Amino acid sequence: MNILYTMDGCKYCVLAKELFERMDVDYDEVKLGRDISKEEVKKKLDKEVVTFPQVVYNGENLGGLVEAARYFKSKGMV
């Protein structure tokens with residue numbers, strides 16, 4: 001399960017979506033304020049502080065864009 005938790009006006013969220021699209025990885029986008037509240041995101045990710053985007057790949061929360069990019073690079077995916 002791949003999920004991108006995003007919010008409007010977030011340039012890093014746009015870059016995270018572009019990253020997944022470049023890697024040809026299917027994902028569901030869950031948008032703050034439209035689909036979910038910040039409190040619900042915190043509960044789902046079991047994190048106190050949540051910045052956006054939050055990247056969940058194969059069910060694992062990788063963190064934000066930078067952490068996700070590092071992970072994918074370490075696996076040779078980008």
# chains A, B, ... in the order shown; residues from 1 in each chain; ligands from 1

$ residues_around --residues "range 31-41 of chain A" --least-positions-apart "6" --cutoff "7 Å" --atoms "only C-alpha atoms" --output "tab-separated table (two decimals) with all heavy atoms, in the first residue's frame"
chain	number	residue	atom	x	y	z
A	5	TYR	N	0.32	11.45	1.79
A	5	TYR	CA	-0.49	12.41	2.53
A	5	TYR	C	0.00	13.79	2.11
A	5	TYR	O	1.19	14.12	2.29
A	5	TYR	CB	-0.32	12.23	4.04
A	5	TYR	CG	-0.91	10.93	4.55
A	5	TYR	CD1	-0.12	9.80	4.71
A	5	TYR	CD2	-2.26	10.84	4.86
A	5	TYR	CE1	-0.66	8.61	5.17
A	5	TYR	CE2	-2.82	9.65	5.32
A	5	TYR	CZ	-2.02	8.55	5.47
A	5	TYR	OH	-2.56	7.37	5.92
A	6	THR	N	-0.88	14.58	1.52
A	6	THR	CA	-0.50	15.86	0.94
A	6	THR	C	-1.42	16.97	1.44
A	6	THR	O	-2.41	16.72	2.11
A	6	THR	CB	-0.58	15.81	-0.60
A	6	THR	OG1	-1.95	15.64	-0.99
A	6	THR	CG2	0.27	14.70	-1.18
A	7	MET	N	-1.05	18.20	1.07
A	7	MET	CA	-1.90	19.35	1.35
A	7	MET	C	-1.78	20.35	0.21
A	7	MET	O	-0.77	20.35	-0.51
A	7	MET	CB	-1.55	19.99	2.68
A	7	MET	CG	-0.13	20.50	2.79
A	7	MET	SD	0.29	21.13	4.42
A	7	MET	CE	-0.27	22.81	4.28

$ select_by_dssp --residues "chain A" --states "strand (DSSP E)" --output "count of residues only"
16

$ closest_residue --among "A:Glu29, A:Val14, A:Phe20, A:Gly9" --to "Ala69 in chain A" --atoms "only C-alpha atoms"
A:Phe20

$ closest_residue --among "A:Val78, A:Met1, A:Met23, A:Val49" --to "Gly64 in chain A" --atoms "only C-alpha atoms"
A:Val49

$ select_by_dssp --residues "chain A" --states "alpha helix (DSSP H)" --output "PyMOL selection string"
chain A and resi 11-22+38-45+65-74

$ closest_residue --among "A:Glu60, A:Glu67, A:Glu48, A:Glu18" --to "Ile3 in chain A" --atoms "only C-alpha atoms"
A:Glu60
